[in-house]
>>> print(open('start_13.cif').read())   # mmCIF, C-alpha atoms
data_run
loop_
_atom_site.label_atom_id
_atom_site.label_comp_id
_atom_site.auth_asym_id
_atom_site.auth_seq_id
_atom_site.Cartn_x
_atom_site.Cartn_y
_atom_site.Cartn_z
CA MET J 1 83.10 109.50 83.39
CA ARG J 2 79.63 110.43 82.21
CA LYS J 3 78.40 106.96 83.03
CA ALA J 4 79.75 107.25 86.57
CA VAL J 5 77.99 110.59 87.05
CA THR J 6 74.60 109.33 85.85
CA GLY J 7 75.05 106.21 87.98
CA LEU J 8 75.54 108.35 91.06
CA ARG J 9 72.53 110.47 90.17
CA ALA J 10 70.32 107.40 89.71
CA TRP J 11 71.55 106.09 93.08
CA LEU J 12 70.64 109.40 94.72
CA VAL J 13 67.21 109.61 93.02
CA GLN J 14 66.45 106.08 94.22
CA ARG J 15 67.29 106.93 97.82
CA VAL J 16 65.68 110.36 98.08
CA SER J 17 62.47 109.08 96.45
CA ALA J 18 62.49 106.00 98.71
CA ILE J 19 62.76 108.10 101.88
CA TYR J 20 59.96 110.44 100.81
CA MET J 21 57.69 107.53 99.87
CA LEU J 22 58.40 105.81 103.19
CA LEU J 23 57.43 108.97 105.08
CA PHE J 24 54.28 109.43 102.99
CA ILE J 25 53.22 105.79 103.48
CA VAL J 26 53.70 106.12 107.25
CA PHE J 27 51.61 109.33 107.13
CA LEU J 28 48.88 107.57 105.11
CA LEU J 29 48.84 104.53 107.42
CA THR J 30 48.69 106.75 110.50
CA HIS J 31 45.72 108.63 109.06
CA PHE J 32 43.92 105.36 108.23
CA LEU J 33 44.57 103.99 111.71
CA LEU J 34 43.71 107.09 113.73
CA ASP J 35 40.98 108.70 111.66
CA PRO J 36 39.80 106.34 108.89
CA PRO J 37 37.49 107.95 106.32
CA THR J 38 33.89 106.94 106.94
CA SER J 39 32.22 108.06 103.72
CA TYR J 40 32.91 109.10 100.16
CA LEU J 41 32.77 112.83 100.97
CA ASP J 42 34.94 112.35 104.03
CA TRP J 43 37.60 110.53 101.95
CA ARG J 44 37.36 112.93 99.01
CA ASN J 45 37.59 116.06 101.11
CA TRP J 46 40.65 114.72 102.88
CA MET J 47 42.42 113.41 99.78
CA LEU J 48 41.75 116.49 97.68
CA SER J 49 42.52 119.04 100.39
CA PRO J 50 45.47 121.15 99.18
CA GLY J 51 48.02 119.82 101.67
CA VAL J 52 47.26 116.14 101.04
CA SER J 53 47.02 116.43 97.25
CA ILE J 54 50.33 118.29 97.12
CA ALA J 55 51.97 115.65 99.33
CA ALA J 56 50.38 112.90 97.21
CA SER J 57 51.57 114.56 93.98
CA VAL J 58 55.13 114.64 95.31
CA PHE J 59 54.65 110.98 96.30
CA PHE J 60 53.64 110.05 92.77
CA ALA J 61 56.53 112.05 91.27
CA ALA J 62 58.87 110.13 93.59
CA LEU J 63 57.15 106.86 92.66
CA PHE J 64 57.56 107.43 88.92
CA ALA J 65 61.23 108.43 89.29
CA HIS J 66 61.82 105.39 91.53
CA ALA J 67 60.05 103.03 89.11
CA TRP J 68 61.98 104.51 86.19
CA VAL J 69 65.39 103.98 87.80
CA GLY J 70 64.48 100.52 89.11
CA MET J 71 62.89 99.20 85.92
CA ARG J 72 65.67 100.77 83.83
CA ASP J 73 68.23 98.81 85.85
CA VAL J 74 66.23 95.60 85.43
CA ILE J 75 65.81 96.15 81.69
CA MET J 76 69.52 96.89 81.23
CA ASP J 77 70.32 93.66 83.08
CA TYR J 78 68.19 91.39 80.93
CA VAL J 79 67.55 93.08 77.57
CA HIS J 80 70.84 93.18 75.69
CA PRO J 81 70.15 93.86 71.98
CA ILE J 82 70.44 97.63 71.88
CA ALA J 83 67.47 98.25 69.54
CA ILE J 84 65.06 96.22 71.68
CA ARG J 85 66.51 97.75 74.86
CA VAL J 86 65.87 101.27 73.59
CA MET J 87 62.37 100.28 72.51
CA VAL J 88 61.49 98.73 75.88
CA LEU J 89 62.91 101.75 77.72
CA ALA J 90 60.90 104.07 75.47
CA LEU J 91 57.72 102.09 76.20
CA LEU J 92 58.44 102.31 79.92
CA GLY J 93 59.00 106.07 79.70
CA LEU J 94 55.87 106.54 77.63
CA GLY J 95 53.82 104.40 80.02
CA LEU J 96 55.04 106.29 83.10
CA THR J 97 54.41 109.64 81.42
CA GLY J 98 50.87 108.61 80.51
CA ILE J 99 50.18 107.42 84.04
CA ALA J 100 51.61 110.68 85.42
CA ALA J 101 49.12 112.63 83.28
CA TRP J 102 46.34 110.39 84.62
CA VAL J 103 47.37 111.15 88.23
CA ILE J 104 47.40 114.91 87.53
CA GLN J 105 43.90 114.54 86.12
CA ILE J 106 42.72 112.57 89.17
CA LEU J 107 44.23 114.87 91.78
CA TRP J 108 43.91 118.28 90.17
CA MET J 109 41.14 118.22 87.55
CA GLY J 110 37.59 117.11 87.17
CA HIS J 111 36.76 116.61 90.83
CA GLY J 112 36.01 120.32 91.39
CA MET K 1 89.28 90.27 75.13
CA ALA K 2 86.01 89.16 73.61
CA MET K 3 87.35 85.63 73.24
CA ALA K 4 88.52 85.54 76.84
CA MET K 5 85.07 86.73 77.96
CA LYS K 6 83.43 83.92 76.01
CA ARG K 7 85.56 81.23 77.62
CA ARG K 8 84.82 82.30 81.20
CA PRO K 9 83.07 79.52 83.10
CA MET K 10 79.43 80.16 83.87
CA PHE K 11 77.19 78.36 86.32
CA LEU K 12 73.78 79.92 86.60
CA ASN K 13 71.51 77.07 87.56
CA LEU K 14 69.52 78.94 90.20
CA ALA K 15 68.06 75.70 91.53
CA GLN K 16 71.55 74.42 92.42
CA ILE K 17 73.43 77.55 93.48
CA GLN K 18 73.86 77.75 97.26
CA MET K 19 71.90 80.84 98.22
CA PRO K 20 72.80 82.75 101.34
CA VAL K 21 69.81 84.37 103.04
CA GLY K 22 70.81 87.80 101.73
CA ALA K 23 70.54 86.53 98.15
CA LEU K 24 66.89 85.62 98.76
CA THR K 25 66.24 89.06 100.27
CA SER K 26 67.90 90.67 97.28
CA ILE K 27 66.12 88.60 94.62
CA ALA K 28 62.78 89.16 96.33
CA HIS K 29 63.56 92.90 96.49
CA ARG K 30 63.94 92.89 92.73
CA VAL K 31 60.91 90.70 92.03
CA THR K 32 58.68 92.71 94.38
CA GLY K 33 59.94 95.92 92.73
CA ILE K 34 58.89 94.64 89.31
CA LEU K 35 55.51 93.52 90.70
CA LEU K 36 54.96 96.93 92.32
CA ALA K 37 55.81 98.68 89.04
CA ILE K 38 53.29 96.47 87.22
CA GLY K 39 50.77 97.27 89.97
CA ILE K 40 51.06 101.06 89.52
CA PRO K 41 48.27 101.44 86.90
CA PHE K 42 45.93 99.19 88.92
CA THR K 43 46.55 101.11 92.13
CA ILE K 44 45.93 104.41 90.38
CA TYR K 45 42.76 103.02 88.83
CA ILE K 46 41.56 102.22 92.36
CA LEU K 47 42.44 105.76 93.46
CA ASP K 48 40.52 107.12 90.46
CA LEU K 49 37.42 105.04 91.27
CA SER K 50 37.58 106.07 94.92
CA LEU K 51 37.47 109.77 94.02
CA GLN K 52 35.37 109.95 90.83
CA SER K 53 31.89 109.87 92.31
CA GLN K 54 29.72 108.56 95.10
CA GLN K 55 28.71 105.64 92.83
CA SER K 56 32.21 104.64 91.78
CA TYR K 57 33.29 104.85 95.46
CA ALA K 58 30.41 102.58 96.47
CA SER K 59 31.11 100.05 93.68
CA LEU K 60 34.80 100.03 94.66
CA ILE K 61 33.96 99.30 98.31
CA HIS K 62 31.62 96.53 97.12
CA LEU K 63 34.29 95.11 94.79
CA LEU K 64 37.00 95.09 97.45
CA ASP K 65 34.67 93.10 99.71
CA GLY K 66 35.07 89.96 97.55
CA TRP K 67 37.44 87.30 98.91
CA ALA K 68 39.49 87.19 95.70
CA TYR K 69 40.30 90.89 95.99
CA LYS K 70 41.04 90.51 99.68
CA ALA K 71 43.48 87.70 98.88
CA MET K 72 45.09 89.94 96.26
CA ALA K 73 45.32 92.72 98.83
CA VAL K 74 47.17 90.41 101.22
CA VAL K 75 49.63 89.46 98.45
CA PHE K 76 50.05 93.16 97.65
CA VAL K 77 50.81 93.88 101.31
CA TRP K 78 53.49 91.18 101.33
CA VAL K 79 55.02 92.53 98.13
CA LEU K 80 55.04 96.10 99.44
CA ALA K 81 56.20 95.15 102.95
CA HIS K 82 59.12 93.09 101.66
CA HIS K 83 60.17 95.83 99.26
CA LEU K 84 59.99 98.54 101.96
CA LEU K 85 61.82 96.44 104.55
CA ALA K 86 64.55 95.37 102.10
CA GLY K 87 64.84 98.99 100.92
CA THR K 88 65.13 100.26 104.49
CA ARG K 89 67.87 97.66 105.06
CA HIS K 90 69.73 99.13 102.08
CA LEU K 91 69.27 102.69 103.33
CA LEU K 92 70.65 101.70 106.74
CA MET K 93 73.63 99.97 105.11
CA ASP K 94 74.30 103.17 103.15
CA VAL K 95 74.93 104.91 106.47
CA ASP K 96 76.96 101.91 107.66
CA VAL K 97 74.33 100.39 109.91
CA GLY K 98 74.43 96.61 109.66
CA SER K 99 76.80 96.42 106.72
CA LEU K 100 79.05 93.78 108.32
CA LEU K 101 78.28 90.20 107.37
CA PRO K 102 76.84 88.75 110.62
CA THR K 103 74.46 91.70 111.11
CA ALA K 104 73.65 91.75 107.39
CA ARG K 105 72.65 88.08 107.54
CA ARG K 106 70.51 88.69 110.61
CA SER K 107 68.80 91.73 109.07
CA ALA K 108 68.18 89.70 105.88
CA TRP K 109 66.28 87.17 108.01
CA VAL K 110 64.38 89.98 109.73
CA VAL K 111 63.36 91.39 106.32
CA ASN K 112 62.30 88.02 104.85
CA VAL K 113 60.30 87.02 107.92
CA GLY K 114 59.09 90.57 108.62
CA GLY K 115 57.44 90.86 105.20
CA VAL K 116 55.50 87.64 105.81
CA VAL K 117 54.51 88.72 109.33
CA VAL K 118 53.14 92.03 108.03
CA ALA K 119 51.20 90.15 105.34
CA LEU K 120 49.75 87.78 107.99
CA LEU K 121 48.72 90.78 110.10
CA ALA K 122 47.03 92.24 107.01
CA ALA K 123 45.29 88.91 106.41
CA GLY K 124 44.00 89.05 109.98
CA VAL K 125 42.60 92.55 109.37
CA PHE K 126 41.17 91.97 105.86
CA LEU K 127 39.84 88.40 105.97
#
>>> encode(input="start_13.cif", output="structure tokens")
Amino acid sequence: MRKAVTGLRAWLVQRVSAIYMLLFIVFLLTHFLLDPPTSYLDWRNWMLSPGVSIAASVFFAALFAHAWVGMRDVIMDYVHPIAIRVMVLALLGLGLTGIAAWVIQILWMGHG
Amino acid sequence: MAMAMKRRPMFLNLAQIQMPVGALTSIAHRVTGILLAIGIPFTIYILDLSLQSQQSYASLIHLLDGWAYKAMAVVFVWVLAHHLLAGTRHLLMDVDVGSLLPTARRSAWVVNVGGVVVALLAAGVFL
């Protein structure tokens, strides 16, 4: 029962995150086609404007959730010994968490 | 039960299994997903360089001008395009669009060819 519930949740996470990422990528492409940044300041001011950095942060949250569910499925398909499976999953989780911290630093700190 | 499982016949020679077009779409969806996951730190490194400072932005632009990086960008576009198209195909099937076999086979072709077409377009723009 519990397995079925988490399976459904993973399925839903994968789809909701996919739809948001699709929309964000279309938004990004449209911006680059219609009004491509011409200089560093131009690009920085656009990227770090509140609206865009919030939308980008949600994008990265969706990306990490999507990568977690996808890679978890792949790992569970191919890595069978339970100890190694748990270790690989832990490494994946740790890696994604570290990268998430890096993104927060890039988008919200140190670029005053 | 365990014994019965062990005696089940298995034939997993991927080079000899007859693959319907949807199988290729599906396998490539998985492979491109893994590649994209591996690419996450590199993409974020590029984002970091682009925002850090005027100098790092300039060195990034200079770096991306090399043909090797342009070739990698084209490969990245194929990987991303295939994954997005195959994912969109799944999303449409979830709402019962194209879930019957003839349409599913056709959309699998569209995805496989579409990814390559997008990559070729990108090659035309980058190279």
>>> residues_around(input="start_13.cif", residues="segment 26-34 of chain J", least_positions_apart="5", cutoff="10 Å", atoms="all atoms listed in the file", output="JSON, numbers by chain")
{"J": [20, 21, 52, 56]}
>>> interface_residues(input="start_13.cif", of="chain K", to="chain J", cutoff="10 Å", atoms="only C-alpha atoms", output="PyMOL selection string")
chain K and resi 30-31+33-34+36-38+40-41+44-45+47-58+84+87-88+90-91+94
>>> atom_distance(input="start_13.cif", atom1="atom CA of Leu120 of chain K", atom2="atom CA of Phe76 of chain K")
11.7 Å
>>> atom_distance(input="start_13.cif", atom1="atom CA of Leu24 of chain K", atom2="atom CA of Arg105 of chain K")
10.8 Å
>>> atom_distance(input="start_13.cif", atom1="atom CA of Ala81 of chain K", atom2="atom CA of Gly115 of chain K")
5.0 Å
>>> resolve_selection(input="start_13.cif", expression="the PyMOL selection byres ((chain K and resi 109) around 12)", output="ChimeraX atom specification")
/K:20-26,82,85-86,89,102-108,110-117
